[in-house]
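Below is one structure, written out as structure tokens; the observations come after it.
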Number of protein chains: 2
Amino acid sequence: MPETQARVESAIQDLDYRPHAIARSMAQGRTNTLACLAPNLTDFTYASNMEGAESVARERGYYLLCASFADERQFVDLVDELVARGRVDGLIVISPFVELPVQHLPNDFATVLMGGCPRDDVQNLAYLDNHRAAYEATEHLTQLGHRRIAQVTGPLAEDCAQERNRGYADALADAGIPPDPALVVAGDWSATSGHAALHELLTRAPDLSAVVAQNDRMAVGILRAGRELGLQVPDNLSVIGFDDMPLASYFDPPLTTMRQDTFAIGQACACLLMDALSQPEAGPRQIRLEASLVVRQTTAPVHPC
Amino acid sequence: MPETQARVESAIQDLDYRPHAIARSMAQGRTNTLACLAPNLTDFTYASNMEGAESVARERGYYLLCASFADERQFVDLVDELVARGRVDGLIVISPFVELPVQHLPNDFATVLMGGCPRDDVQNLAYLDNHRAAYEATEHLTQLGHRRIAQVTGPLAEDCAQERNRGYADALADAGIPPDPALVVAGDWSATSGHAALHELLTRAPDLSAVVAQNDRMAVGILRAGRELGLQVPDNLSVIGFDDMPLASYFDPPLTTMRQDTFAIGQACACLLMDALSQPEAGPRQIRLEASLVVRQTTAPVHPC
DNA sequence: ATGAAAGCGCTAACAA
DNA sequence: TTGTTAGCGCTTTCAT
């Protein structure tokens, strides 16, 4: 009865009626909420992942519950609360230690990981091709004629650091440059650690002409250390970073870096997750994203000695 | 019957039973979820606010739903969905335009605003004392002997920019320095706008010796412009920023700035909100936070001409 | 096609 | 104190 229709419609208007989301969730057995878990909410890469995820989630009627975990215990508790108690329909997990979610995640629950490389033991995954990115960063340097190329890695327990390390090593190998353990030191992603790393590297290998830093913060620490030591960047020392963080172009000199599209990675995670929810029959998927070289002013042809 | 107790307990263990959060929400009429709305999730200050809010929320059994809004329309829709449909118990709104929430927020719903100054038309508010912060930034400069002190503001439609502008003006007045409209130009918070602003200022007032930037990003743009113009910072030009953003000490020179504790502001917001929820009878509250001067190397005594 | 009712999994009010 | 039940506001199934 179209007339009844109309009356209902107008009552909806008059009463300013809105269906109650919780009641609906109760009846339908789904919450239209996704959780995004990360070590923190402030690191630009995480925040940007989340922003990407949130944007596509909202487009499709989902909300994003954001939570951080300081350690394994918190992670486990969080997942337990969120999943076992039915608070969310799916999980996006951003963790530098992919082992963590892999070990503790219920595998009958819709989940997507943000990762550093493809993995067999993970169902849905969006990852940056870190191997290739680091390969390209290193290759950029070899193509500029550098042969004594150092590397400052992140903590090697992290997938992403391992992958970048492999990319670095492979690029050197392909350029016919023998690996030299003296040329690689591990940092902890902080600018401070990058600063310390350059000092260390220079005592070990005073003849180095370039360094690839596994992230921009460490690269910036290296820039600082170089300046303190009287090195001219890029004339005496080339530096390449990773991430293309905000203001990377405002450091001195403007930082050459491998840009990763963290927003797109976040979007990919959310898409994967929502697809898994709407088509449970479709199998697991892994999405690979690529970084791109942004040449600014911290890299230059090797200085003729 | 303590025996029954025990049997129930063990059944809980055996079945791995967890009360269903949604069902509980349905029955209790509360979701134990707070929403945090901000223009985006990536700006460090917003992200840090959220992280602070999330940490105290979780301590008290609440989760944080994070959402961003690009414009007024989105904001209104978001609030409508979240509030009218009973998805959350309370709202934390981070908006540079306090007018926005003030106009569109239901006033019978628990809400806390993140603001730039105290306001009569707002119930619960956590704010940075921007007036005082800008006053101190400017005073730092006057105490170094500067008298031709320029200012690069944010968009003046924003409370926060207005407040900082007032602080700047008051500090000059108290130092017996006449205001000069030629010395203040508006930016848009971006480094690019800071860069442009210095060029503009220098054409208008070539004799300026210092500039207070209303945020660090613009300060960094000013540093860059200064360098391009051959100005020595801080010898020929003092610059002070605002925020103490990550890596502020890694720019060249390390940035002197007013630090704001954005994490604490976020915490304050969440506390205010949860208190309002647990003690509805307690009246509205406003919490003031203060910035602190961090002297690094972009400010120095005025150069004797 | 339209309308009635059962049920989602809890909590809280009420009886016993 | 202990146990029972109504009810939160929807959706969906099942009669009509």
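So you can find residues: chains in the structure tokens are A, B, ... in the order shown, residues in each start at 1, and ligands are numbered from 1 in order.
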Transformed chain B, reference chain A, in-order C-alpha pairing, as a short mmCIF file (atom, residue, chain, number, x, y, z; two decimals) with C-alpha atoms, in the first residue's frame:
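After the write, selection_14.cif holds the following:
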```
data_model
loop_
_atom_site.label_atom_id
_atom_site.label_comp_id
_atom_site.auth_asym_id
_atom_site.auth_seq_id
_atom_site.Cartn_x
_atom_site.Cartn_y
_atom_site.Cartn_z
CA MET B 1 0.13 -0.07 0.03
CA PRO B 2 1.89 3.02 -1.22
CA GLU B 3 -0.15 5.20 1.08
CA THR B 4 1.07 3.38 4.13
CA GLN B 5 4.59 3.75 2.76
CA ALA B 6 4.15 7.46 2.69
CA ARG B 7 2.74 7.60 6.18
CA VAL B 8 5.66 5.61 7.49
CA GLU B 9 8.09 7.86 5.68
CA SER B 10 6.53 10.93 7.12
CA ALA B 11 6.48 9.45 10.59
CA ILE B 12 10.17 8.77 10.20
CA GLN B 13 10.63 12.42 9.34
CA ASP B 14 8.39 13.67 12.11
CA LEU B 15 9.88 11.59 14.83
CA ASP B 16 13.36 12.02 13.44
CA TYR B 17 13.67 8.29 13.71
CA ARG B 18 16.98 6.54 13.29
CA PRO B 19 17.42 2.82 13.59
CA HIS B 20 19.47 1.98 16.61
CA ALA B 21 22.85 0.72 15.48
CA ILE B 22 23.38 -1.52 18.47
CA ALA B 23 20.00 -3.17 18.19
CA ARG B 24 20.65 -3.72 14.54
CA SER B 25 23.99 -5.27 15.31
CA MET B 26 22.33 -7.52 17.84
CA ALA B 27 19.76 -8.68 15.34
CA GLN B 28 22.08 -9.04 12.37
CA GLY B 29 25.05 -10.41 14.15
CA ARG B 30 27.39 -7.84 12.74
CA THR B 31 28.69 -4.56 14.02
CA ASN B 32 29.76 -2.69 10.92
CA THR B 33 32.87 -1.86 12.85
CA LEU B 34 36.43 -2.75 11.98
CA ALA B 35 39.30 -2.58 14.40
CA CYS B 36 42.67 -1.26 13.43
CA LEU B 37 45.47 -2.20 15.79
CA ALA B 38 48.90 -0.66 15.70
CA PRO B 39 51.78 -0.12 18.11
CA ASN B 40 50.73 3.52 18.33
CA LEU B 41 48.57 6.08 16.60
CA THR B 42 51.17 8.77 16.04
CA ASP B 43 53.83 7.30 13.82
CA PHE B 44 53.12 8.86 10.51
CA THR B 45 53.13 5.59 8.64
CA TYR B 46 50.66 3.98 11.03
CA ALA B 47 48.45 7.03 11.19
CA SER B 48 48.42 7.22 7.46
CA ASN B 49 47.57 3.55 7.12
CA MET B 50 44.68 4.13 9.46
CA GLU B 51 43.50 7.17 7.62
CA GLY B 52 43.47 5.18 4.39
CA ALA B 53 41.63 2.34 6.02
CA GLU B 54 39.14 4.66 7.63
CA SER B 55 38.34 6.45 4.40
CA VAL B 56 37.40 3.33 2.47
CA ALA B 57 35.69 1.79 5.47
CA ARG B 58 33.40 4.77 5.85
CA GLU B 59 32.59 4.74 2.16
CA ARG B 60 31.26 1.28 2.67
CA GLY B 61 29.38 1.92 5.88
CA TYR B 62 31.96 0.70 8.34
CA TYR B 63 33.50 2.53 11.25
CA LEU B 64 37.03 2.15 12.46
CA LEU B 65 37.89 1.45 16.04
CA CYS B 66 41.54 2.38 16.57
CA ALA B 67 43.60 0.88 19.32
CA SER B 68 47.25 0.69 20.18
CA PHE B 69 49.22 -2.03 21.90
CA ALA B 70 52.50 -1.60 23.70
CA ASP B 71 53.46 -5.25 23.87
CA GLU B 72 52.48 -8.81 23.19
CA ARG B 73 50.34 -9.10 26.25
CA GLN B 74 48.33 -6.02 25.40
CA PHE B 75 47.93 -7.23 21.88
CA VAL B 76 46.54 -10.54 22.99
CA ASP B 77 44.15 -8.93 25.44
CA LEU B 78 42.99 -6.48 22.88
CA VAL B 79 42.26 -9.08 20.26
CA ASP B 80 40.51 -11.15 22.85
CA GLU B 81 38.25 -8.34 23.98
CA LEU B 82 37.49 -7.19 20.50
CA VAL B 83 37.00 -10.51 18.80
CA ALA B 84 35.74 -12.92 21.43
CA ARG B 85 33.25 -10.39 22.70
CA GLY B 86 32.01 -9.62 19.24
CA ARG B 87 32.81 -5.98 19.27
CA VAL B 88 34.06 -5.83 15.69
CA ASP B 89 33.53 -7.70 12.44
CA GLY B 90 37.12 -7.72 11.33
CA LEU B 91 40.67 -6.81 12.24
CA ILE B 92 43.41 -4.85 10.57
CA VAL B 93 46.69 -5.47 12.30
CA ILE B 94 49.65 -3.22 11.77
CA SER B 95 52.67 -4.67 13.45
CA PRO B 96 56.33 -4.54 12.60
CA PHE B 97 56.56 -8.02 14.05
CA VAL B 98 54.33 -10.04 11.82
CA GLU B 99 54.99 -13.00 14.04
CA LEU B 100 52.91 -11.40 16.73
CA PRO B 101 49.59 -11.47 14.92
CA VAL B 102 50.46 -14.69 13.16
CA GLN B 103 50.85 -16.42 16.48
CA HIS B 104 47.98 -14.91 18.36
CA LEU B 105 45.27 -14.38 15.85
CA PRO B 106 42.21 -16.61 15.74
CA ASN B 107 42.22 -17.96 12.21
CA ASP B 108 38.50 -18.19 11.92
CA PHE B 109 38.12 -14.46 12.15
CA ALA B 110 38.33 -11.97 9.31
CA THR B 111 41.74 -10.40 9.50
CA VAL B 112 44.12 -8.47 7.31
CA LEU B 113 47.72 -7.83 8.14
CA MET B 114 49.85 -4.93 7.11
CA GLY B 115 53.14 -6.56 6.30
CA GLY B 116 56.61 -6.18 4.98
CA CYS B 117 56.69 -9.04 2.50
CA PRO B 118 54.56 -11.87 1.18
CA ARG B 119 54.04 -14.70 3.62
CA ASP B 120 52.68 -18.21 3.39
CA ASP B 121 51.38 -18.28 6.91
CA VAL B 122 49.14 -15.29 6.49
CA GLN B 123 45.77 -15.15 4.86
CA ASN B 124 45.04 -11.59 3.89
CA LEU B 125 47.91 -9.22 3.62
CA ALA B 126 48.74 -5.85 2.14
CA TYR B 127 52.41 -5.19 1.99
CA LEU B 128 55.00 -2.88 0.59
CA ASP B 129 57.55 -4.60 -1.58
CA ASN B 130 60.39 -3.73 0.70
CA HIS B 131 62.89 -5.92 -1.04
CA ARG B 132 62.38 -4.17 -4.31
CA ALA B 133 62.26 -0.75 -2.71
CA ALA B 134 65.58 -1.24 -0.97
CA TYR B 135 66.99 -2.72 -4.14
CA GLU B 136 66.06 0.40 -6.03
CA ALA B 137 67.39 2.69 -3.35
CA THR B 138 70.72 0.91 -3.44
CA GLU B 139 70.73 0.72 -7.21
CA HIS B 140 70.20 4.47 -7.35
CA LEU B 141 73.47 4.76 -5.48
CA THR B 142 75.39 2.23 -7.54
CA GLN B 143 74.24 3.99 -10.68
CA LEU B 144 75.74 7.15 -9.33
CA GLY B 145 79.02 5.27 -9.19
CA HIS B 146 79.09 4.50 -5.50
CA ARG B 147 80.70 1.25 -4.46
CA ARG B 148 81.30 1.69 -0.77
CA ILE B 149 77.67 1.84 0.21
CA ALA B 150 76.74 1.47 3.83
CA GLN B 151 73.36 0.61 5.28
CA VAL B 152 71.65 1.54 8.51
CA THR B 153 68.91 -0.97 9.17
CA GLY B 154 65.99 -1.04 11.51
CA PRO B 155 65.84 -3.75 14.16
CA LEU B 156 66.55 -6.93 12.25
CA ALA B 157 63.84 -8.80 14.09
CA GLU B 158 61.36 -6.90 11.96
CA ASP B 159 60.33 -8.35 8.62
CA CYS B 160 60.55 -5.07 6.99
CA ALA B 161 64.15 -4.49 8.04
CA GLN B 162 65.08 -7.97 6.86
CA GLU B 163 63.49 -7.42 3.51
CA ARG B 164 65.17 -4.12 3.00
CA ASN B 165 68.43 -5.67 4.01
CA ARG B 166 67.99 -8.35 1.38
CA GLY B 167 67.18 -5.74 -1.23
CA TYR B 168 70.32 -3.83 -0.34
CA ALA B 169 72.45 -6.95 -0.50
CA ASP B 170 70.97 -8.11 -3.79
CA ALA B 171 71.48 -4.74 -5.42
CA LEU B 172 75.11 -4.73 -4.39
CA ALA B 173 75.57 -8.25 -5.68
CA ASP B 174 73.98 -7.39 -9.00
CA ALA B 175 76.32 -4.45 -9.31
CA GLY B 176 79.27 -6.73 -8.69
CA ILE B 177 80.05 -5.18 -5.34
CA PRO B 178 81.18 -7.60 -2.63
CA PRO B 179 79.27 -7.42 0.63
CA ASP B 180 81.09 -6.00 3.60
CA PRO B 181 79.69 -6.56 7.09
CA ALA B 182 81.55 -3.49 8.28
CA LEU B 183 79.20 -1.44 6.16
CA VAL B 184 75.98 -2.37 7.85
CA VAL B 185 74.83 -1.38 11.28
CA ALA B 186 71.45 -1.67 12.93
CA GLY B 187 69.52 1.27 14.32
CA ASP B 188 66.11 1.43 15.94
CA TRP B 189 64.37 3.71 13.44
CA SER B 190 65.06 6.81 15.53
CA ALA B 191 67.00 9.82 14.31
CA THR B 192 69.27 9.40 17.29
CA SER B 193 70.16 5.89 16.24
CA GLY B 194 70.91 7.10 12.72
CA HIS B 195 73.20 9.70 14.16
CA ALA B 196 75.06 7.12 16.20
CA ALA B 197 75.16 4.73 13.29
CA LEU B 198 77.06 7.10 11.05
CA HIS B 199 79.69 7.61 13.70
CA GLU B 200 80.04 3.88 14.07
CA LEU B 201 80.19 3.31 10.32
CA LEU B 202 82.83 5.92 9.80
CA THR B 203 85.14 4.36 12.33
CA ARG B 204 84.65 0.97 10.73
CA ALA B 205 84.82 2.10 7.12
CA PRO B 206 86.14 5.62 6.66
CA ASP B 207 86.07 5.15 2.91
CA LEU B 208 82.30 4.83 2.56
CA SER B 209 80.75 7.25 0.11
CA ALA B 210 77.06 6.59 0.53
CA VAL B 211 74.57 5.24 2.99
CA VAL B 212 71.11 3.87 2.62
CA ALA B 213 69.01 4.40 5.69
CA GLN B 214 66.04 2.14 6.15
CA ASN B 215 63.86 5.06 7.13
CA ASP B 216 63.84 8.82 6.90
CA ARG B 217 64.21 9.50 10.58
CA MET B 218 67.51 7.65 10.68
CA ALA B 219 68.52 9.37 7.44
CA VAL B 220 67.95 12.69 9.11
CA GLY B 221 70.10 11.62 12.03
CA ILE B 222 72.80 10.71 9.54
CA LEU B 223 72.54 14.12 7.91
CA ARG B 224 73.04 15.72 11.28
CA ALA B 225 76.01 13.52 12.13
CA GLY B 226 77.54 14.19 8.75
CA ARG B 227 77.30 17.90 9.25
CA GLU B 228 78.89 17.68 12.66
CA LEU B 229 81.75 15.72 11.17
CA GLY B 230 82.25 18.30 8.48
CA LEU B 231 81.09 16.07 5.66
CA GLN B 232 79.34 17.70 2.76
CA VAL B 233 76.15 15.96 1.74
CA PRO B 234 75.86 15.00 -1.04
CA ASP B 235 79.33 15.90 -2.26
CA ASN B 236 81.28 13.82 0.19
CA LEU B 237 78.48 11.59 1.32
CA SER B 238 75.28 10.48 -0.35
CA VAL B 239 72.31 9.57 1.82
CA ILE B 240 69.05 7.99 0.84
CA GLY B 241 66.12 7.52 3.18
CA PHE B 242 62.92 5.58 3.15
CA ASP B 243 59.26 6.60 3.58
CA ASP B 244 59.18 10.15 2.29
CA MET B 245 57.87 11.38 5.57
CA PRO B 246 56.25 14.79 5.89
CA LEU B 247 58.75 17.61 5.49
CA ALA B 248 61.39 15.26 4.11
CA SER B 249 62.05 17.93 1.53
CA TYR B 250 62.60 20.53 4.23
CA PHE B 251 65.61 18.97 5.83
CA ASP B 252 69.01 20.12 4.83
CA PRO B 253 69.67 19.11 2.16
CA PRO B 254 66.25 17.95 1.00
CA LEU B 255 66.16 14.22 1.46
CA THR B 256 66.32 11.75 -1.39
CA THR B 257 64.13 8.85 -0.38
CA MET B 258 61.96 5.91 -1.36
CA ARG B 259 58.37 7.00 -1.03
CA GLN B 260 55.81 4.53 0.17
CA ASP B 261 52.13 5.23 -0.20
CA THR B 262 51.04 4.40 3.30
CA PHE B 263 47.56 5.77 2.71
CA ALA B 264 47.07 3.35 -0.17
CA ILE B 265 48.33 0.48 1.92
CA GLY B 266 45.76 1.30 4.54
CA GLN B 267 43.08 1.46 1.90
CA ALA B 268 44.15 -1.90 0.57
CA CYS B 269 43.93 -3.42 4.04
CA ALA B 270 40.40 -2.20 4.55
CA CYS B 271 39.30 -3.30 1.09
CA LEU B 272 40.72 -6.75 1.60
CA LEU B 273 38.97 -6.99 4.92
CA MET B 274 35.58 -5.83 3.75
CA ASP B 275 35.77 -8.07 0.72
CA ALA B 276 36.53 -10.98 2.97
CA LEU B 277 33.48 -10.09 5.03
CA SER B 278 31.13 -9.76 2.10
CA GLN B 279 32.47 -12.74 0.18
CA PRO B 280 33.69 -15.25 2.70
CA GLU B 281 33.92 -17.83 -0.03
CA ALA B 282 36.58 -15.89 -1.91
CA GLY B 283 39.96 -17.12 -0.79
CA PRO B 284 42.72 -15.17 0.93
CA ARG B 285 44.50 -12.45 -0.99
CA GLN B 286 47.77 -10.63 -0.74
CA ILE B 287 48.24 -7.19 -2.23
CA ARG B 288 51.64 -5.87 -3.10
CA LEU B 289 52.36 -2.15 -3.22
CA GLU B 290 55.48 -0.53 -4.57
CA ALA B 291 57.65 2.30 -3.39
CA SER B 292 58.97 4.95 -5.71
CA LEU B 293 62.26 6.77 -5.81
CA VAL B 294 62.11 10.47 -5.02
CA VAL B 295 65.39 12.09 -5.94
CA ARG B 296 66.12 15.26 -4.05
CA GLN B 297 69.45 16.57 -2.94
CA THR B 298 71.15 14.13 -0.62
CA THR B 299 72.48 11.89 -3.35
CA ALA B 300 75.04 12.73 -6.01
CA PRO B 301 77.61 10.99 -8.15
CA VAL B 302 80.46 9.63 -6.15
CA HIS B 303 83.15 12.16 -5.53
CA PRO B 304 86.28 11.51 -7.58
CA CYS B 305 89.03 11.11 -5.02
#
```
In region 70-273 of chain B, DSSP strand (DSSP E) residues written as a PyMOL selection string: chain B and resi 90-94+111-115+124-128+149-153+184-186+210-213+238-243+256-259
Residue hits in chain C, query chain A, radius 12 Å, only C-alpha atoms (C1' of nucleotides), as a ChimeraX atom specification: /C:1-2,6-10
Residues from last step as file, N, CA and C atoms (P, O5', C5', C4', C3', O3' and C1' of nucleotides), as a CSV table (one decimal), in the first residue's frame:
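Result went into selection-v3.csv, see below:
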```
chain,number,residue,atom,x,y,z
C,1,DA,P,4.6,-8.8,-4.4
C,1,DA,O5',3.4,-8.4,-3.6
C,1,DA,C5',3.0,-7.1,-3.2
C,1,DA,C4',2.0,-7.2,-2.1
C,1,DA,C3',2.5,-6.4,-0.8
C,1,DA,O3',1.4,-5.6,-0.4
C,1,DA,C1',1.9,-8.6,-0.2
C,2,DT,P,1.6,-4.4,0.5
C,2,DT,O5',1.2,-5.1,1.9
C,2,DT,C5',-0.1,-5.4,2.3
C,2,DT,C4',-0.1,-6.2,3.6
C,2,DT,C3',0.6,-5.4,4.7
C,2,DT,O3',-0.4,-5.0,5.7
C,2,DT,C1',1.1,-7.7,4.7
C,6,DA,P,6.0,-15.8,19.5
C,6,DA,O5',7.3,-16.6,19.1
C,6,DA,C5',7.5,-17.1,17.8
C,6,DA,C4',9.0,-17.0,17.5
C,6,DA,C3',9.9,-17.2,18.7
C,6,DA,O3',11.0,-17.9,18.2
C,6,DA,C1',10.4,-15.1,17.7
C,7,DG,P,12.0,-18.6,19.3
C,7,DG,O5',13.3,-17.7,19.1
C,7,DG,C5',13.8,-17.4,17.8
C,7,DG,C4',14.8,-16.4,17.9
C,7,DG,C3',15.7,-16.4,19.2
C,7,DG,O3',17.0,-16.2,18.8
C,7,DG,C1',14.8,-14.3,18.8
C,8,DC,P,18.1,-16.9,19.7
C,8,DC,O5',19.4,-16.0,19.4
C,8,DC,C5',19.7,-15.5,18.1
C,8,DC,C4',20.3,-14.1,18.2
C,8,DC,C3',21.0,-13.9,19.5
C,8,DC,O3',22.4,-14.2,19.3
C,8,DC,C1',19.7,-12.0,18.9
C,9,DG,P,23.1,-15.4,20.2
C,9,DG,O5',23.4,-14.6,21.6
C,9,DG,C5',24.3,-13.6,21.5
C,9,DG,C4',24.3,-12.8,22.9
C,9,DG,C3',24.5,-13.7,24.1
C,9,DG,O3',25.4,-13.0,24.9
C,9,DG,C1',22.5,-12.4,24.3
C,10,DC,P,26.1,-13.5,26.2
C,10,DC,O5',26.3,-12.1,26.8
C,10,DC,C5',25.6,-11.8,28.1
C,10,DC,C4',24.8,-10.5,27.9
C,10,DC,C3',24.4,-10.0,29.2
C,10,DC,O3',25.4,-9.1,29.7
C,10,DC,C1',22.6,-10.0,27.7
```
Interface rows for chain D against chain A: nearest pair, Å to one decimal, 10 Å, only C-alpha atoms (C1' of nucleotides), as a tab-separated table:
```
residue	atom	partner	partner_atom	distance
D:DC8	C1'	A:Ala23	CA	7.8
D:DG9	C1'	A:Ala23	CA	5.0
D:DC10	C1'	A:Ala23	CA	4.8
D:DT11	C1'	A:Ala27	CA	5.5
D:DT12	C1'	A:Ala27	CA	8.8
```
Going by DSSP on the backbone, which residues of region 53-90 of chain A come out as helix (DSSP H, G or I)? List them as an mmCIF file with C-alpha atoms, in the first residue's frame.
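File produced: states.cif:
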```cif
data_model
loop_
_atom_site.group_PDB
_atom_site.id
_atom_site.type_symbol
_atom_site.label_atom_id
_atom_site.label_comp_id
_atom_site.auth_asym_id
_atom_site.auth_seq_id
_atom_site.Cartn_x
_atom_site.Cartn_y
_atom_site.Cartn_z
ATOM 1 C CA ALA A 53 41.647 2.320 6.052
ATOM 2 C CA GLU A 54 39.173 4.654 7.667
ATOM 3 C CA SER A 55 38.385 6.432 4.447
ATOM 4 C CA VAL A 56 37.433 3.342 2.504
ATOM 5 C CA ALA A 57 35.717 1.781 5.494
ATOM 6 C CA ARG A 58 33.445 4.761 5.878
ATOM 7 C CA GLU A 59 32.635 4.741 2.186
ATOM 8 C CA GLU A 72 52.458 -8.859 23.208
ATOM 9 C CA ARG A 73 50.300 -9.174 26.277
ATOM 10 C CA GLN A 74 48.307 -6.074 25.434
ATOM 11 C CA PHE A 75 47.909 -7.283 21.907
ATOM 12 C CA VAL A 76 46.508 -10.606 23.014
ATOM 13 C CA ASP A 77 44.128 -8.984 25.475
ATOM 14 C CA LEU A 78 42.966 -6.515 22.908
ATOM 15 C CA VAL A 79 42.226 -9.134 20.293
ATOM 16 C CA ASP A 80 40.469 -11.190 22.875
ATOM 17 C CA GLU A 81 38.214 -8.375 23.992
ATOM 18 C CA LEU A 82 37.467 -7.224 20.507
ATOM 19 C CA VAL A 83 36.969 -10.543 18.805
ATOM 20 C CA ALA A 84 35.695 -12.946 21.432
#
```
